[in-house]
$ cat structure-v4.pdb   # PDB, C-alpha atoms
ATOM      1  CA  VAL F   1     -10.771 208.904 101.866  1.00  0.00           C
ATOM      2  CA  LYS F   2      -9.984 211.160 104.778  1.00  0.00           C
ATOM      3  CA  LEU F   3     -12.093 210.005 107.698  1.00  0.00           C
ATOM      4  CA  ASN F   4     -13.288 212.044 110.627  1.00  0.00           C
ATOM      5  CA  PRO F   5     -11.514 211.304 113.931  1.00  0.00           C
ATOM      6  CA  GLY F   6     -12.796 208.163 115.601  1.00  0.00           C
ATOM      7  CA  TYR F   7     -13.960 206.483 112.389  1.00  0.00           C
ATOM      8  CA  THR F   8     -12.346 203.589 110.534  1.00  0.00           C
ATOM      9  CA  LEU F   9     -12.689 202.466 106.945  1.00  0.00           C
ATOM     10  CA  THR F  10     -14.700 199.289 107.262  1.00  0.00           C
ATOM     11  CA  GLU F  11     -15.883 197.072 104.439  1.00  0.00           C
ATOM     12  CA  GLU F  12     -19.408 198.286 105.159  1.00  0.00           C
ATOM     13  CA  LEU F  13     -18.336 201.927 104.705  1.00  0.00           C
ATOM     14  CA  GLN F  14     -16.461 201.073 101.496  1.00  0.00           C
ATOM     15  CA  ASN F  15     -19.585 199.391 100.116  1.00  0.00           C
ATOM     16  CA  LYS F  16     -21.686 202.414 101.077  1.00  0.00           C
ATOM     17  CA  ILE F  17     -19.254 204.758  99.294  1.00  0.00           C
ATOM     18  CA  LYS F  18     -19.286 202.583  96.180  1.00  0.00           C
ATOM     19  CA  LYS F  19     -23.075 202.290  96.181  1.00  0.00           C
ATOM     20  CA  THR F  20     -23.529 206.031  96.595  1.00  0.00           C
ATOM     21  CA  LEU F  21     -21.113 206.814  93.772  1.00  0.00           C
ATOM     22  CA  ARG F  22     -22.758 204.259  91.517  1.00  0.00           C
ATOM     23  CA  GLU F  23     -26.226 205.694  92.177  1.00  0.00           C
ATOM     24  CA  LYS F  24     -25.456 209.428  92.382  1.00  0.00           C
ATOM     25  CA  ALA F  25     -22.764 209.619  89.683  1.00  0.00           C
ATOM     26  CA  SER F  26     -22.239 206.538  87.510  1.00  0.00           C
ATOM     27  CA  PRO F  27     -20.633 203.084  87.683  1.00  0.00           C
ATOM     28  CA  ARG F  28     -17.477 204.422  86.057  1.00  0.00           C
ATOM     29  CA  HIS F  29     -16.948 206.773  89.021  1.00  0.00           C
ATOM     30  CA  VAL F  30     -16.651 203.835  91.445  1.00  0.00           C
ATOM     31  CA  PRO F  31     -12.966 203.437  92.374  1.00  0.00           C
ATOM     32  CA  ALA F  32     -11.235 200.083  92.294  1.00  0.00           C
ATOM     33  CA  LEU F  33      -9.513 200.879  95.583  1.00  0.00           C
ATOM     34  CA  ILE F  34     -10.616 202.979  98.552  1.00  0.00           C
ATOM     35  CA  VAL F  35      -7.872 203.843 101.043  1.00  0.00           C
ATOM     36  CA  ALA F  36      -8.088 205.764 104.312  1.00  0.00           C
ATOM     37  CA  VAL F  37      -5.478 208.528 104.291  1.00  0.00           C
ATOM     38  CA  PRO F  38      -4.368 210.882 107.058  1.00  0.00           C
ATOM     39  CA  ASP F  39      -4.610 213.994 104.873  1.00  0.00           C
ATOM     40  CA  ILE F  40      -5.380 215.200 101.353  1.00  0.00           C
ATOM     41  CA  PRO F  41      -3.120 217.744  99.615  1.00  0.00           C
ATOM     42  CA  TYR F  42      -4.567 221.261  99.385  1.00  0.00           C
ATOM     43  CA  THR F  43      -3.346 224.472  97.801  1.00  0.00           C
ATOM     44  CA  LEU F  44      -2.798 227.555  99.901  1.00  0.00           C
ATOM     45  CA  ASN F  45      -6.324 228.577  98.779  1.00  0.00           C
ATOM     46  CA  MET F  46      -7.693 225.279 100.210  1.00  0.00           C
ATOM     47  CA  LYS F  47      -8.476 223.622  96.879  1.00  0.00           C
ATOM     48  CA  LYS F  48      -7.857 219.876  96.644  1.00  0.00           C
ATOM     49  CA  VAL F  49      -4.837 218.905  94.545  1.00  0.00           C
ATOM     50  CA  GLU F  50      -5.683 215.511  93.085  1.00  0.00           C
ATOM     51  CA  SER F  51      -3.057 215.883  90.363  1.00  0.00           C
ATOM     52  CA  ALA F  52      -0.240 215.661  92.927  1.00  0.00           C
ATOM     53  CA  VAL F  53      -1.409 212.216  94.065  1.00  0.00           C
ATOM     54  CA  THR F  54      -2.003 211.181  90.437  1.00  0.00           C
ATOM     55  CA  ASN F  55       1.580 212.138  89.622  1.00  0.00           C
ATOM     56  CA  ILE F  56       2.915 210.055  92.511  1.00  0.00           C
ATOM     57  CA  VAL F  57       0.843 207.018  91.495  1.00  0.00           C
ATOM     58  CA  ASN F  58       2.047 207.330  87.895  1.00  0.00           C
ATOM     59  CA  GLY F  59       5.710 207.759  88.842  1.00  0.00           C
ATOM     60  CA  ARG F  60       5.909 211.427  87.864  1.00  0.00           C
ATOM     61  CA  PRO F  61       7.447 214.119  90.062  1.00  0.00           C
ATOM     62  CA  VAL F  62       5.248 216.570  91.937  1.00  0.00           C
ATOM     63  CA  THR F  63       6.579 219.909  90.769  1.00  0.00           C
ATOM     64  CA  ASN F  64       4.225 222.235  92.650  1.00  0.00           C
ATOM     65  CA  ARG F  65       4.961 221.288  96.274  1.00  0.00           C
ATOM     66  CA  ASP F  66       5.573 224.964  97.065  1.00  0.00           C
ATOM     67  CA  ALA F  67       1.941 225.717  96.150  1.00  0.00           C
ATOM     68  CA  LEU F  68       0.613 223.233  98.719  1.00  0.00           C
ATOM     69  CA  ALA F  69      -0.529 224.140 102.204  1.00  0.00           C
ATOM     70  CA  ASN F  70       0.455 220.663 103.431  1.00  0.00           C
ATOM     71  CA  PRO F  71       3.161 219.214 101.150  1.00  0.00           C
ATOM     72  CA  GLU F  72       4.248 216.761 103.874  1.00  0.00           C
ATOM     73  CA  CYS F  73       1.073 214.735 103.291  1.00  0.00           C
ATOM     74  CA  LEU F  74       2.492 213.603  99.931  1.00  0.00           C
ATOM     75  CA  ASP F  75       5.107 211.559 101.818  1.00  0.00           C
ATOM     76  CA  TYR F  76       2.310 209.196 102.911  1.00  0.00           C
ATOM     77  CA  TYR F  77       1.225 208.577  99.321  1.00  0.00           C
ATOM     78  CA  GLU F  78       4.820 207.832  98.342  1.00  0.00           C
ATOM     79  CA  ARG F  79       5.082 205.297 101.193  1.00  0.00           C
ATOM     80  CA  ILE F  80       1.921 203.429 100.167  1.00  0.00           C
ATOM     81  CA  LEU F  81       2.667 203.584  96.433  1.00  0.00           C
ATOM     82  CA  THR F  82       2.895 199.805  96.031  1.00  0.00           C
ATOM     83  CA  GLN F  83      -0.573 199.376  97.597  1.00  0.00           C
ATOM     84  CA  LEU F  84      -2.020 202.083  95.328  1.00  0.00           C
ATOM     85  CA  GLN F  85      -0.636 200.451  92.181  1.00  0.00           C
ATOM     86  CA  LYS F  86      -2.311 197.080  92.786  1.00  0.00           C
TER      87      LYS F  86
END
$ encode --input "structure-v4.pdb" --output "structure tokens"
Amino acid sequence: VKLNPGYTLTEELQNKIKKTLREKASPRHVPALIVAVPDIPYTLNMKKVESAVTNIVNGRPVTNRDALANPECLDYYERILTQLQK
């Protein structure tokens, strides 16, 4: 989750996110882990690139870094990989 400046990811906020997803989507959409991140990868057209983070988590290379507006944000996901894999 990318938080607005001045906010922190508290347990209360995590529970609110989970509850909202459970009610508005379905229980299977509730993530096992919610992590505050500094940035989310976007294409040059400002579309979110979830597959890049999925590749990092699954040990696959990210081959489309040139198509990202902010490829440096992937370095953060690589650094917290062990936490993401728990």
$ closest_residue --input "structure-v4.pdb" --among "F:Leu21, F:Leu68, F:Leu81, F:Leu33" --to "Asn55 (chain F)" --atoms "all atoms listed in the file"
F:Leu81
$ residues_around --input "structure-v4.pdb" --residues "Pro38 (chain F)" --least-positions-apart "4" --cutoff "10 Å" --atoms "all atoms listed in the file" --output "MDAnalysis selection string"
chainID F and resid 1:5 73 76:77
$ resolve_selection --input "structure-v4.pdb" --expression "the PyMOL selection byres ((chain F and resi 59) around 12)" --output "mmCIF file with C-alpha atoms, in the frame of the given file"
data_model
loop_
_atom_site.group_PDB
_atom_site.id
_atom_site.type_symbol
_atom_site.label_atom_id
_atom_site.label_comp_id
_atom_site.auth_asym_id
_atom_site.auth_seq_id
_atom_site.Cartn_x
_atom_site.Cartn_y
_atom_site.Cartn_z
ATOM 1 C CA ALA F 52 -0.240 215.661 92.927
ATOM 2 C CA VAL F 53 -1.409 212.216 94.065
ATOM 3 C CA THR F 54 -2.003 211.181 90.437
ATOM 4 C CA ASN F 55 1.580 212.138 89.622
ATOM 5 C CA ILE F 56 2.915 210.055 92.511
ATOM 6 C CA VAL F 57 0.843 207.018 91.495
ATOM 7 C CA ASN F 58 2.047 207.330 87.895
ATOM 8 C CA ARG F 60 5.909 211.427 87.864
ATOM 9 C CA PRO F 61 7.447 214.119 90.062
ATOM 10 C CA VAL F 62 5.248 216.570 91.937
ATOM 11 C CA TYR F 77 1.225 208.577 99.321
ATOM 12 C CA GLU F 78 4.820 207.832 98.342
ATOM 13 C CA LEU F 81 2.667 203.584 96.433
ATOM 14 C CA THR F 82 2.895 199.805 96.031
ATOM 15 C CA LEU F 84 -2.020 202.083 95.328
ATOM 16 C CA GLN F 85 -0.636 200.451 92.181
#
$ axis_aligned_box --input "structure-v4.pdb" --around "region 73-80 of chain F" --padding-each-side "8 Å" --output "lines of an AutoDock Vina configuration file"
center_x = 3.1
center_y = 209.1
center_z = 100.8
size_x = 20.0
size_y = 27.3
size_z = 20.9
$ closest_residue --input "structure-v4.pdb" --among "F:Val37, F:Arg22, F:Ile17, F:Ala32" --to "Ile80 (chain F)" --atoms "all atoms listed in the file"
F:Val37
$ atom_distance --input "structure-v4.pdb" --atom1 "CA of Ala25 (chain F)" --atom2 "CA of Glu50 (chain F)"
18.4 Å
$ closest_residue --input "structure-v4.pdb" --among "F:Val35, F:Thr63, F:Tyr42, F:Val49" --to "Glu11 (chain F)" --atoms "only C-alpha atoms"
F:Val35
$ build_atoms --input "structure-v4.pdb" --residues "region 46-61 of chain F" --atoms "N, CA and C atoms" --output "PDB file, in the coordinates of the input"
ATOM      1  N   MET F  46      -6.867 226.390  99.723  1.00  0.00           N
ATOM      2  CA  MET F  46      -7.693 225.279 100.210  1.00  0.00           C
ATOM      3  C   MET F  46      -8.491 224.557  99.116  1.00  0.00           C
ATOM      4  N   LYS F  47      -7.893 224.439  97.942  1.00  0.00           N
ATOM      5  CA  LYS F  47      -8.476 223.622  96.879  1.00  0.00           C
ATOM      6  C   LYS F  47      -7.743 222.284  96.873  1.00  0.00           C
ATOM      7  N   LYS F  48      -8.480 221.201  96.689  1.00  0.00           N
ATOM      8  CA  LYS F  48      -7.857 219.876  96.644  1.00  0.00           C
ATOM      9  C   LYS F  48      -6.941 219.768  95.434  1.00  0.00           C
ATOM     10  N   VAL F  49      -5.814 219.067  95.612  1.00  0.00           N
ATOM     11  CA  VAL F  49      -4.837 218.905  94.545  1.00  0.00           C
ATOM     12  C   VAL F  49      -4.719 217.419  94.223  1.00  0.00           C
ATOM     13  N   GLU F  50      -5.680 216.918  93.458  1.00  0.00           N
ATOM     14  CA  GLU F  50      -5.683 215.511  93.085  1.00  0.00           C
ATOM     15  C   GLU F  50      -4.537 215.174  92.142  1.00  0.00           C
ATOM     16  N   SER F  51      -4.115 216.141  91.340  1.00  0.00           N
ATOM     17  CA  SER F  51      -3.057 215.883  90.363  1.00  0.00           C
ATOM     18  C   SER F  51      -1.736 215.504  91.031  1.00  0.00           C
ATOM     19  N   ALA F  52      -1.481 216.007  92.228  1.00  0.00           N
ATOM     20  CA  ALA F  52      -0.240 215.661  92.927  1.00  0.00           C
ATOM     21  C   ALA F  52      -0.213 214.176  93.263  1.00  0.00           C
ATOM     22  N   VAL F  53      -1.335 213.642  93.737  1.00  0.00           N
ATOM     23  CA  VAL F  53      -1.409 212.216  94.065  1.00  0.00           C
ATOM     24  C   VAL F  53      -1.364 211.391  92.780  1.00  0.00           C
ATOM     25  N   THR F  54      -2.038 211.869  91.732  1.00  0.00           N
ATOM     26  CA  THR F  54      -2.003 211.181  90.437  1.00  0.00           C
ATOM     27  C   THR F  54      -0.576 211.089  89.921  1.00  0.00           C
ATOM     28  N   ASN F  55       0.177 212.155  90.055  1.00  0.00           N
ATOM     29  CA  ASN F  55       1.580 212.138  89.622  1.00  0.00           C
ATOM     30  C   ASN F  55       2.377 211.101  90.400  1.00  0.00           C
ATOM     31  N   ILE F  56       2.189 211.029  91.696  1.00  0.00           N
ATOM     32  CA  ILE F  56       2.915 210.055  92.511  1.00  0.00           C
ATOM     33  C   ILE F  56       2.569 208.635  92.069  1.00  0.00           C
ATOM     34  N   VAL F  57       1.290 208.355  91.890  1.00  0.00           N
ATOM     35  CA  VAL F  57       0.843 207.018  91.495  1.00  0.00           C
ATOM     36  C   VAL F  57       1.415 206.631  90.131  1.00  0.00           C
ATOM     37  N   ASN F  58       1.555 207.605  89.239  1.00  0.00           N
ATOM     38  CA  ASN F  58       2.047 207.330  87.895  1.00  0.00           C
ATOM     39  C   ASN F  58       3.549 207.522  87.749  1.00  0.00           C
ATOM     40  N   GLY F  59       4.251 207.691  88.874  1.00  0.00           N
ATOM     41  CA  GLY F  59       5.710 207.759  88.842  1.00  0.00           C
ATOM     42  C   GLY F  59       6.264 209.076  88.326  1.00  0.00           C
ATOM     43  N   ARG F  60       5.450 210.118  88.315  1.00  0.00           N
ATOM     44  CA  ARG F  60       5.909 211.427  87.864  1.00  0.00           C
ATOM     45  C   ARG F  60       6.209 212.298  89.080  1.00  0.00           C
ATOM     46  N   PRO F  61       7.137 213.240  88.926  1.00  0.00           N
ATOM     47  CA  PRO F  61       7.447 214.119  90.062  1.00  0.00           C
ATOM     48  C   PRO F  61       6.323 215.118  90.320  1.00  0.00           C
TER      49      PRO F  61
END
